[in-house]
Amino acid sequence: MNLSLATYESLAQTIKSSRVLSAIVKPLANWQANAAGYRRLGLRYDDIIMEENPVVQEALRRLPAEVLAERTFRHKRAMQLSLCHAELPKEQWTKPSEDVAYLSPFITMVEKEFAEKDKYDNLVVKQ
Amino acid sequence: MLRHAATRAFSSSAARASAYAEFALPKDVPTHAPAPVATVANAESGLRVGAFDHHGPFASLVLVVPAGARAESSETLGAAQYLKNYALKYTATQTPLKIAREVELRGVTINTSVEREHLVYQAEFLRDDLQFVVSLLADVVYNTQFNPWEFKDVAALTAAQTAAAAGNVTDVALEAAHRLAFRQGLGNSLIAPVYSNITNETVKAFAKDHLLINNQAALYGVGVNGDELASLANTYFAQSAAAKAATPAAKYFGGESRIDVAKGNNVTVAFNGAAANTQDAAALSVLAAYLGGAKHVKWGNAVSPLAKAGQDAHALVRAFNATYSDAGLFGLSATCKTSPHNATKGIQAAIVALKQAAQGVAPQDLTRAVNQAKAAYLTTVDAQVAHARAAAAQLATTGQVTAAADAAASLAKVSAADVARAAERVLASKPTIVAAGKTVDLPYADTLGL
């Protein structure tokens with residue numbers, strides 16, 4: 001199933017707004033994020049979103065230069081660690097507070113634009 | 001379309017008495033086109049709103065705001081051009097794609113341009129889309145987001161425009177003439193200079209300071225209902241900004257400048273002109289028409305002094321009369337793509353013609369000049385978007401709009417003595433002389449006998 005990021009975001013919003021759901025899901029989510037291992041390589045979640053598609057390419061183009069440079073640095077460092085079969089020292093792991101969504105807002109925005117373009121490309125004008 | 005409606009009305013009245021009388025027309029078909037209605041009002045935000053309703057199906061709307069090149073400081077040179085290029089980008093609620101598609105669906109044409117005193121947003125559209133256009137312009141003025149990633153595109157476009165203008169010898173000379181003539185303010189170039197150092201923050205701050213909706217801005221529609229436009233202006237342009245401090249009055253200096261340009265040669269000689277909508281400006285318009293430059297009969301001989309000068313020198317020689325709210329620039333320019341010597345000969349002959357005009361103008365030449373000036377003015381404002389632009393600019397600076405007939409009448413009032421006096425007066429000011437092109441062969445100021 002290929003869901004857009006916007007769909008996931010609306011799901012996340014539903015969970016966040018329900019106290020019961022978030023009480024169940026949040027600990028699971030944190031456990032999942034830590035278990036996924038990307039934080040041990042100093043990455044953020046937005047670093048591992050697949051970028052080989054027009055939407056994410058356009059989102060990356062919109063990032064400020066310094067944010068893009070930091071992303072590239074994290075990628076290179078993680079690549080090197082992976083090659084060495086190593087992890088960062090624990091104090092350098094990405095903290096949950098640092099794991100911010102710096103790219104996904106742009107991806108959502110571009111997805112909406114692409115959907116809008118699709119809408120206008122297939123528009124039926126009623127008068 | 002208006003013309004069609006009018007001819008239809010007239011031909012139908014003729015048809016009643018003709019052989020086509022058996023095609024009975026309904027009784028309510030008018031025999032005359034309805035008279036146009038001109039209105040001027042103030043929106044609650046202070047925005048000046050004017051309309052000229054010719055009852056036709058196609059309309060133009062122009063919004064002018066006091067964010068032209070004149071508003072730039074030495075730190076923000078070029079910001080007006082960036083702001084112009086930012087138009088129709090992301091607003092708070094619309095994407096550029098949505099704006100472009102909606103505009104195209106409705107058959108609207110919309111563009112923006114920088115003038116020395118104003119930033120101009122103009123739209124041409126079918127009469128029924130007035131509300132859409134007013135709401136769009138308001139959205140652009142109030143809600144443009146100035147997204148950093150869009151700035152990259154805006155900066156690239158601006159750089160391309162600067163580069164293109166640097167290759168056009170006439171533009172280079174005219175911009176340099178303004179800089180020499182007025183130095184600051186009115187002297188600012190319409191084109192961002194190569195040394196302009198504009199960031200997204202500069203553009204944002206410039207927009208905040210100068211893209212203002214108050215009594216220094218005006219909205220003028222041609223082919224729209226004045227009451228409807230005023231009520232829409234109250235709805236969409238409700239947010240008012242404090243008036244900004246008056247710009248310092250323009251002061252004329254003059255001087256000489258020589259600029260190397262790869263292709264083309266131009267010599268521009270300009271003088272202290274007159275402010276817009278004054279009788280002096282009317283006299284200078286007639287003087288410019290008297291000097292001429294264009295041939296009005298395609299294969300005919302040149303009649304006006306500058307057209308003759310151009311024919312003899314193989315150059316494009318013309319006179320111009322640029323008028324602004326508190327100053328003006330009157331000038332002569334000679335352009336030759338290939339030879340600096342031709343441009344030199346052209347400008348020398350033009351200066352002789354101007355000096356002769358100061359000695360007196362023959363009555364038949366005055367008649368030609370007045371008629372050509374009137375025709376040139378009326379042809380310009382006959383295009384409704386040009387009409388709307390001129391009216392909006394005047395409305396923003398003076399709060400009133402001169403009817404085309406009155407402006408033409410002020411040209412008709414100009415006498416031969418007025419023209420000679422105007423020529424004498426401009427010749428008395430310190431000349432502004434710009435040589436652009438292959439400067440080594442272009443004349444120096446002291447060789448032109450001024």
# chains A, B, ... in the order shown; residues from 1 in each chain; ligands from 1
>>> select_by_dssp(residues="range 21-60 of chain A", states="alpha helix (DSSP H)", output="PyMOL selection string")
chain A and resi 21-36+54-60
>>> interface_residues(of="chain B", to="chain A", cutoff="9 Å", atoms="only C-alpha atoms", output="PyMOL selection string")
chain B and resi 95+97-98+101-102+105+148-150
>>> atom_distance(atom1="CA of Tyr82 in chain B", atom2="CA of Glu124 in chain B")
22.8 Å
>>> closest_residue(among="B:Lys27, B:His296, B:Lys345, B:Arg48", to="Thr398 in chain B", atoms="only C-alpha atoms")
B:Arg48
>>> closest_residue(among="B:Lys84, B:Arg127, B:Arg70, B:Lys355", to="Val222 in chain B", atoms="only C-alpha atoms")
B:Arg127
>>> residues_around(residues="Asn214 in chain B", least_positions_apart="3", cutoff="10 Å", atoms="only C-alpha atoms", output="MDAnalysis selection string")
chainID B and resid 42:48 65:66 211 217:218 237:244 396
>>> residues_around(residues="Val140 in chain B", least_positions_apart="4", cutoff="8 Å", atoms="only C-alpha atoms", output="JSON, numbers by chain")
{"B": [87, 88, 89, 91, 136, 144]}
>>> residues_around(residues="Val133 in chain B", least_positions_apart="3", cutoff="12 Å", atoms="only C-alpha atoms", output="count of residues only")
37
>>> closest_residue(among="A:Ala29, A:Ala23, A:Leu41, A:Val100", to="Leu81 in chain A", atoms="only C-alpha atoms")
A:Leu41
>>> atom_distance(atom1="CA of Arg39 in chain A", atom2="CA of Met79 in chain A")
13.1 Å
>>> residues_around(residues="Leu190 in chain B", least_positions_apart="2", cutoff="7 Å", atoms="only C-alpha atoms", output="list in words")
Ala69, Val114, Glu115, Arg116, Asn188 and Ala192 of chain B
>>> write_last_selection(atoms="N, CA, C and O atoms", output="JSON list (two decimals), in the first residue's frame")
[["chain", "number", "residue", "atom", "x", "y", "z"],
["B", 69, "ALA", "N", 10.89, 52.71, -8.12],
["B", 69, "ALA", "CA", 12.33, 52.84, -7.93],
["B", 69, "ALA", "C", 12.66, 54.04, -7.04],
["B", 69, "ALA", "O", 13.64, 54.03, -6.30],
["B", 114, "VAL", "N", 7.65, 47.98, -12.88],
["B", 114, "VAL", "CA", 8.20, 49.02, -12.01],
["B", 114, "VAL", "C", 8.26, 50.30, -12.80],
["B", 114, "VAL", "O", 8.74, 50.32, -13.93],
["B", 115, "GLU", "N", 7.74, 51.36, -12.21],
["B", 115, "GLU", "CA", 7.96, 52.69, -12.78],
["B", 115, "GLU", "C", 8.78, 53.46, -11.76],
["B", 115, "GLU", "O", 9.05, 52.99, -10.67],
["B", 116, "ARG", "N", 9.16, 54.70, -12.14],
["B", 116, "ARG", "CA", 10.02, 55.41, -11.19],
["B", 116, "ARG", "C", 9.30, 55.74, -9.90],
["B", 116, "ARG", "O", 9.87, 55.69, -8.83],
["B", 188, "ASN", "N", 17.02, 56.91, -9.34],
["B", 188, "ASN", "CA", 17.21, 55.46, -9.20],
["B", 188, "ASN", "C", 16.80, 54.73, -10.47],
["B", 188, "ASN", "O", 15.78, 55.06, -11.08],
["B", 192, "ALA", "N", 17.63, 46.72, -11.30],
["B", 192, "ALA", "CA", 18.55, 46.54, -10.18],
["B", 192, "ALA", "C", 19.98, 46.68, -10.68],
["B", 192, "ALA", "O", 20.36, 46.05, -11.66]]
>>> residues_around(residues="Arg258 in chain B", least_positions_apart="4", cutoff="12 Å", atoms="only C-alpha atoms", output="MDAnalysis selection string")
chainID B and resid 169 172:173 176:177 180 265:268 432:445
>>> closest_residue(among="A:Val124, A:Arg44, A:Pro96, A:Pro105", to="Trp31 in chain A", atoms="only C-alpha atoms")
A:Pro96
>>> decode(residues="range 130-149 of chain B", atoms="N, CA and C atoms", output="short mmCIF file (atom, residue, chain, number, x, y, z; two decimals), in the first residue's frame")
data_model
loop_
_atom_site.label_atom_id
_atom_site.label_comp_id
_atom_site.auth_asym_id
_atom_site.auth_seq_id
_atom_site.Cartn_x
_atom_site.Cartn_y
_atom_site.Cartn_z
N LEU B 130 -14.54 40.89 -12.41
CA LEU B 130 -13.98 41.98 -11.59
C LEU B 130 -13.67 41.54 -10.17
N GLN B 131 -14.62 40.82 -9.55
CA GLN B 131 -14.42 40.44 -8.16
C GLN B 131 -13.20 39.52 -8.01
N PHE B 132 -13.07 38.58 -8.94
CA PHE B 132 -11.92 37.68 -8.90
C PHE B 132 -10.62 38.46 -8.97
N VAL B 133 -10.57 39.44 -9.88
CA VAL B 133 -9.32 40.20 -10.08
C VAL B 133 -9.00 41.06 -8.87
N VAL B 134 -10.02 41.74 -8.31
CA VAL B 134 -9.76 42.58 -7.13
C VAL B 134 -9.29 41.71 -5.97
N SER B 135 -9.94 40.55 -5.77
CA SER B 135 -9.53 39.71 -4.65
C SER B 135 -8.12 39.17 -4.86
N LEU B 136 -7.79 38.87 -6.12
CA LEU B 136 -6.43 38.36 -6.40
C LEU B 136 -5.38 39.43 -6.12
N LEU B 137 -5.63 40.65 -6.60
CA LEU B 137 -4.65 41.73 -6.38
C LEU B 137 -4.49 41.99 -4.88
N ALA B 138 -5.59 41.97 -4.15
CA ALA B 138 -5.52 42.19 -2.70
C ALA B 138 -4.70 41.09 -2.04
N ASP B 139 -4.94 39.85 -2.48
CA ASP B 139 -4.20 38.73 -1.91
C ASP B 139 -2.70 38.89 -2.16
N VAL B 140 -2.35 39.30 -3.39
CA VAL B 140 -0.94 39.48 -3.74
C VAL B 140 -0.31 40.59 -2.88
N VAL B 141 -1.04 41.70 -2.74
CA VAL B 141 -0.48 42.85 -2.01
C VAL B 141 -0.34 42.55 -0.52
N TYR B 142 -1.37 41.93 0.08
CA TYR B 142 -1.36 41.74 1.53
C TYR B 142 -0.65 40.47 1.96
N ASN B 143 -0.77 39.40 1.16
CA ASN B 143 -0.43 38.07 1.70
C ASN B 143 0.73 37.36 1.03
N THR B 144 1.48 38.04 0.16
CA THR B 144 2.61 37.34 -0.46
C THR B 144 3.56 36.86 0.64
N GLN B 145 4.01 35.59 0.52
CA GLN B 145 4.73 34.94 1.62
C GLN B 145 6.23 35.21 1.63
N PHE B 146 6.79 35.57 0.50
CA PHE B 146 8.25 35.77 0.41
C PHE B 146 9.00 34.55 0.93
N ASN B 147 8.65 33.37 0.40
CA ASN B 147 9.32 32.14 0.82
C ASN B 147 10.77 32.15 0.37
N PRO B 148 11.70 31.73 1.27
CA PRO B 148 13.12 31.79 0.91
C PRO B 148 13.45 31.02 -0.36
N TRP B 149 12.80 29.85 -0.56
CA TRP B 149 13.17 29.08 -1.77
C TRP B 149 12.67 29.75 -3.04
#
